[in-house]
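Everything below concerns the one structure shown next.
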Amino acid sequence: MEIIIQSTPEDAAKVAALFIKQLIERKPNAVLGLATGSTPLGLYTELARMHREDGLDFSGVTTFNLDEYIGISSEHPASYHRFMQESFFSHVNVPTKNIHIPDGNTSNIPRFCERYEEQIRQAGGIDVQVLGIGHDGHIGFNEPTSSLASRTRIKTLTEETIVANQRFFTLGESVPHHVITMGVGTIMESQNCLMLAFGAGKAQAVASMAEGPITAMCPASILQMHRKTLLITDLPASSLLTKSAYYQHVYAHKPNWQRF
Ligand code: PGA
């Protein structure tokens, strides 16, 4: 795992956006795995700026989102369909037909999940999967004790995640308990993982993921077995990493040909 520690979330978002920009320039029909939540917002803002000001072209790009709530309409302000539209898709030129987000209102969840996996395969697999991390170490909505080989499926959220996500819902409205999420195994098949983590509240999850044992109690820790995961944090999120001085040394002394 490559660990890049930046001073601020804004600096981290720029590094992540550059990685994706260079991928799209190399491979105009790149397949992006996308995430929701507060964490990737700066990345999406920077990619939108690159589209607007530098002509970064998303017309050949295909996207697959990690997850969606079950049982709220795609128009609901807290739905991930709506989130993606407002924070990313309305600012870039990904063709609508190339956008895939799990359908939380499907009448047949197992069949939908199988089809989602099939669509990812048919697109040639995911080139880079953007990830945030939950306080409990979840990736996508793969909560602790999720199978580390799991595929896209229904999951039940933990109380901790429900409380953390309450902020996206209006007062008195409850967070759905069920979601559809790509599995840990699905995520592990992407060519690159781009994990972002910001703020002191994520420091424990980041340390468990990068330096702790590989365990289903922290699903993100399986990324230690991934062939190319880039973890980009701000300083507070890196504060519990025991080897942060080493990671900073590695990044500062990267050979030029390895830089992006
Ligand atoms: P956040 O969520 O980006 O809103 O912190 C991350 C997650 O729960 O995966």
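We label chains A, B, ... in the order they appear in the structure tokens, count residues from 1 in each chain, and number ligands from 1 in the order shown.
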Hey, could you make a per-residue contact list for range 142-179 of chain A against range 72-93 of chain A with 10 Å as the cut-off, showing the nearest pair of atoms and its distance in Å to one decimal, counting only C-alpha atoms, sorted by chain and number, as CSV?
```
residue,atom,partner,partner_atom,distance
A:Asn165,CA,A:Ala78,CA,9.3
A:Gln166,CA,A:Ala78,CA,9.5
A:Arg167,CA,A:Ala78,CA,9.3
A:Phe168,CA,A:Ala78,CA,5.6
A:Phe169,CA,A:Ala78,CA,6.0
A:Thr170,CA,A:Ala78,CA,8.9
A:Val175,CA,A:Ala78,CA,9.1
A:Pro176,CA,A:Ile72,CA,7.7
```
Problem - Every residue of range 7-219 of chain A that DSSP places in strand (DSSP E or B), as a PyMOL selection string - result: chain A and resi 31-34+62-65+67-69+99-100+128-131+139+142+153-156+178-181+192-197+215+218
Mind dumping a table of every range 157-246 of chain A residue within 12 Å of range 42-53 of chain A, with the nearest atom pair and its distance in Å to one decimal, using only C-alpha atoms, sorted by chain and rising number, as a Markdown table?
```
| residue | atom | partner | partner_atom | distance |
| --- | --- | --- | --- | --- |
| A:Leu194 | CA | A:Leu43 | CA | 10.9 |
| A:Met195 | CA | A:Leu43 | CA | 11.3 |
| A:Leu196 | CA | A:Leu43 | CA | 9.3 |
| A:Ala197 | CA | A:Gly42 | CA | 11.6 |
| A:Phe198 | CA | A:Gly42 | CA | 10.9 |
| A:Ile232 | CA | A:Leu43 | CA | 11.4 |
```
Handout entry: Test item: residues lying within 12 Å of ligand 1 with only C-alpha atoms and all ligand atoms, as a ChimeraX atom specification
Key = /A:9,34-43,66-68,78,80,83,130-143,157-158,160-168,181,195-203,205-206,219-220,237
Could you please take those selected residues and save C-alpha atoms as a PDB file, in the first residue's frame?
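Output (again25.pdb):
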```pdb
ATOM      1  CA  PRO A   9      -7.933  17.538   2.432  1.00  0.00           C
ATOM      2  CA  LEU A  34     -17.088   5.994  -7.371  1.00  0.00           C
ATOM      3  CA  ALA A  35     -17.959   6.624  -3.729  1.00  0.00           C
ATOM      4  CA  THR A  36     -20.281   8.952  -1.845  1.00  0.00           C
ATOM      5  CA  GLY A  37     -20.028  10.664   1.547  1.00  0.00           C
ATOM      6  CA  SER A  38     -18.170  13.810   2.576  1.00  0.00           C
ATOM      7  CA  THR A  39     -14.741  12.414   1.783  1.00  0.00           C
ATOM      8  CA  PRO A  40     -14.715  12.412  -2.052  1.00  0.00           C
ATOM      9  CA  LEU A  41     -16.374  15.832  -2.426  1.00  0.00           C
ATOM     10  CA  GLY A  42     -13.058  17.687  -2.866  1.00  0.00           C
ATOM     11  CA  LEU A  43     -11.954  15.129  -5.448  1.00  0.00           C
ATOM     12  CA  LEU A  66     -20.262   1.430  -4.624  1.00  0.00           C
ATOM     13  CA  ASP A  67     -23.627   1.499  -2.944  1.00  0.00           C
ATOM     14  CA  GLU A  68     -27.145   2.841  -2.452  1.00  0.00           C
ATOM     15  CA  ALA A  78     -30.031  11.696   0.782  1.00  0.00           C
ATOM     16  CA  TYR A  80     -26.672   8.349  -3.569  1.00  0.00           C
ATOM     17  CA  PHE A  83     -25.660  12.917  -4.351  1.00  0.00           C
ATOM     18  CA  VAL A 130     -12.442   5.586  -5.156  1.00  0.00           C
ATOM     19  CA  LEU A 131     -13.039   4.707  -1.490  1.00  0.00           C
ATOM     20  CA  GLY A 132     -13.750   6.409   1.808  1.00  0.00           C
ATOM     21  CA  ILE A 133     -13.458   4.590   5.111  1.00  0.00           C
ATOM     22  CA  GLY A 134     -16.083   4.349   7.831  1.00  0.00           C
ATOM     23  CA  HIS A 135     -15.151   4.949  11.469  1.00  0.00           C
ATOM     24  CA  ASP A 136     -15.654   1.211  11.910  1.00  0.00           C
ATOM     25  CA  GLY A 137     -13.352   0.359   8.990  1.00  0.00           C
ATOM     26  CA  HIS A 138     -16.070  -0.284   6.425  1.00  0.00           C
ATOM     27  CA  ILE A 139     -15.501   0.171   2.693  1.00  0.00           C
ATOM     28  CA  GLY A 140     -18.559   0.653   0.544  1.00  0.00           C
ATOM     29  CA  PHE A 141     -21.167  -0.480   3.049  1.00  0.00           C
ATOM     30  CA  ASN A 142     -19.252  -3.624   3.942  1.00  0.00           C
ATOM     31  CA  GLU A 143     -19.615  -3.434   7.687  1.00  0.00           C
ATOM     32  CA  LEU A 157     -26.064  -1.157   8.425  1.00  0.00           C
ATOM     33  CA  THR A 158     -24.579  -1.069  11.912  1.00  0.00           C
ATOM     34  CA  GLU A 160     -22.698   3.302  14.233  1.00  0.00           C
ATOM     35  CA  THR A 161     -23.092   3.882  10.481  1.00  0.00           C
ATOM     36  CA  ILE A 162     -26.767   4.795  10.866  1.00  0.00           C
ATOM     37  CA  VAL A 163     -25.832   7.435  13.453  1.00  0.00           C
ATOM     38  CA  ALA A 164     -22.923   8.717  11.301  1.00  0.00           C
ATOM     39  CA  ASN A 165     -25.179   9.089   8.241  1.00  0.00           C
ATOM     40  CA  GLN A 166     -28.121  10.664  10.067  1.00  0.00           C
ATOM     41  CA  ARG A 167     -26.653  14.059   9.151  1.00  0.00           C
ATOM     42  CA  PHE A 168     -27.716  13.581   5.524  1.00  0.00           C
ATOM     43  CA  THR A 181     -23.209  -2.528  -1.778  1.00  0.00           C
ATOM     44  CA  MET A 195      -8.673   5.483  -0.550  1.00  0.00           C
ATOM     45  CA  LEU A 196      -9.148   8.952   0.912  1.00  0.00           C
ATOM     46  CA  ALA A 197      -9.420   9.669   4.633  1.00  0.00           C
ATOM     47  CA  PHE A 198      -9.607  13.020   6.368  1.00  0.00           C
ATOM     48  CA  GLY A 199      -9.840  14.269   9.932  1.00  0.00           C
ATOM     49  CA  ALA A 200      -8.819  12.981  13.351  1.00  0.00           C
ATOM     50  CA  GLY A 201     -12.061  10.996  13.565  1.00  0.00           C
ATOM     51  CA  LYS A 202     -10.718   8.638  10.881  1.00  0.00           C
ATOM     52  CA  ALA A 203      -7.246   8.198  12.428  1.00  0.00           C
ATOM     53  CA  ALA A 205      -9.710   3.383  11.175  1.00  0.00           C
ATOM     54  CA  VAL A 206      -6.769   4.438   8.988  1.00  0.00           C
ATOM     55  CA  PRO A 219     -12.934  -4.762   6.190  1.00  0.00           C
ATOM     56  CA  ALA A 220     -10.638  -2.052   4.789  1.00  0.00           C
ATOM     57  CA  ALA A 237      -6.156  11.210   9.729  1.00  0.00           C
TER      58      ALA A 237
END
```
Exercise for the section: Point out the residue among A:Thr229, A:Ser221, A:Thr96, A:Ser146 with the least atom-to-atom distance to Gln129 in chain A, counting only C-alpha atoms. Expected result: A:Thr229
Practice task
Write out as a list in words which residues come within 12 Å of range 247-260 of chain A when counting only C-alpha atoms, dropping same-chain ones fewer than 6 positions away.
Solution key: Met1, Glu2, Ile3, Ile4, Ile5, Gln6, Ser7, Lys14, Val15, Ala16, Ala17, Leu18, Phe19, Ile20, Lys21, Gln22, Leu23, Ala210, Leu230, Leu231, Ile232, Thr233, Asp234, Leu235, Ser238 and Leu241 of chain A
Practice task
Could you give me, as an MDAnalysis selection string, each residue of range 58-216 of chain A that DSSP assigns to alpha helix (DSSP H) when run on this structure's backbone?
Solution key: chainID A and resid 80:87 109:122 159:165 184:188 203:211
Exercise for the section: Extract, using only C-alpha atoms, all DNA, RNA and protein residues at most 8 Å from Val31 in chain A, discarding same-chain residues fewer than 6 positions from it, and format them as JSON, numbers by chain. Expected result: {"A": [61, 62, 63, 64, 123, 124, 125, 126, 127, 128]}
Contacts between range 101-118 of chain A and range 168-240 of chain A, please, where a residue of range 168-240 of chain A counts if it comes within 10 Å (with only C-alpha atoms); show its shortest atom pair and distance in Å to one decimal, rows by chain and ascending number, as a tab-separated table.
```
residue	atom	partner	partner_atom	distance
A:His178	CA	A:Gly104	CA	9.0
A:Val179	CA	A:Gly104	CA	7.0
A:Ile180	CA	A:Pro102	CA	6.5
A:Thr181	CA	A:Pro102	CA	7.5
A:Met182	CA	A:Glu117	CA	8.3
A:Gly183	CA	A:Glu117	CA	9.6
A:Thr186	CA	A:Glu117	CA	7.8
```
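The shell of residues at most 7 Å from Val184 in chain A, with only C-alpha atoms counted and near chain neighbours (fewer than 6 positions) removed, consists of A:Asn142, A:Leu148, A:Ala149, A:Ser150, A:Arg151.
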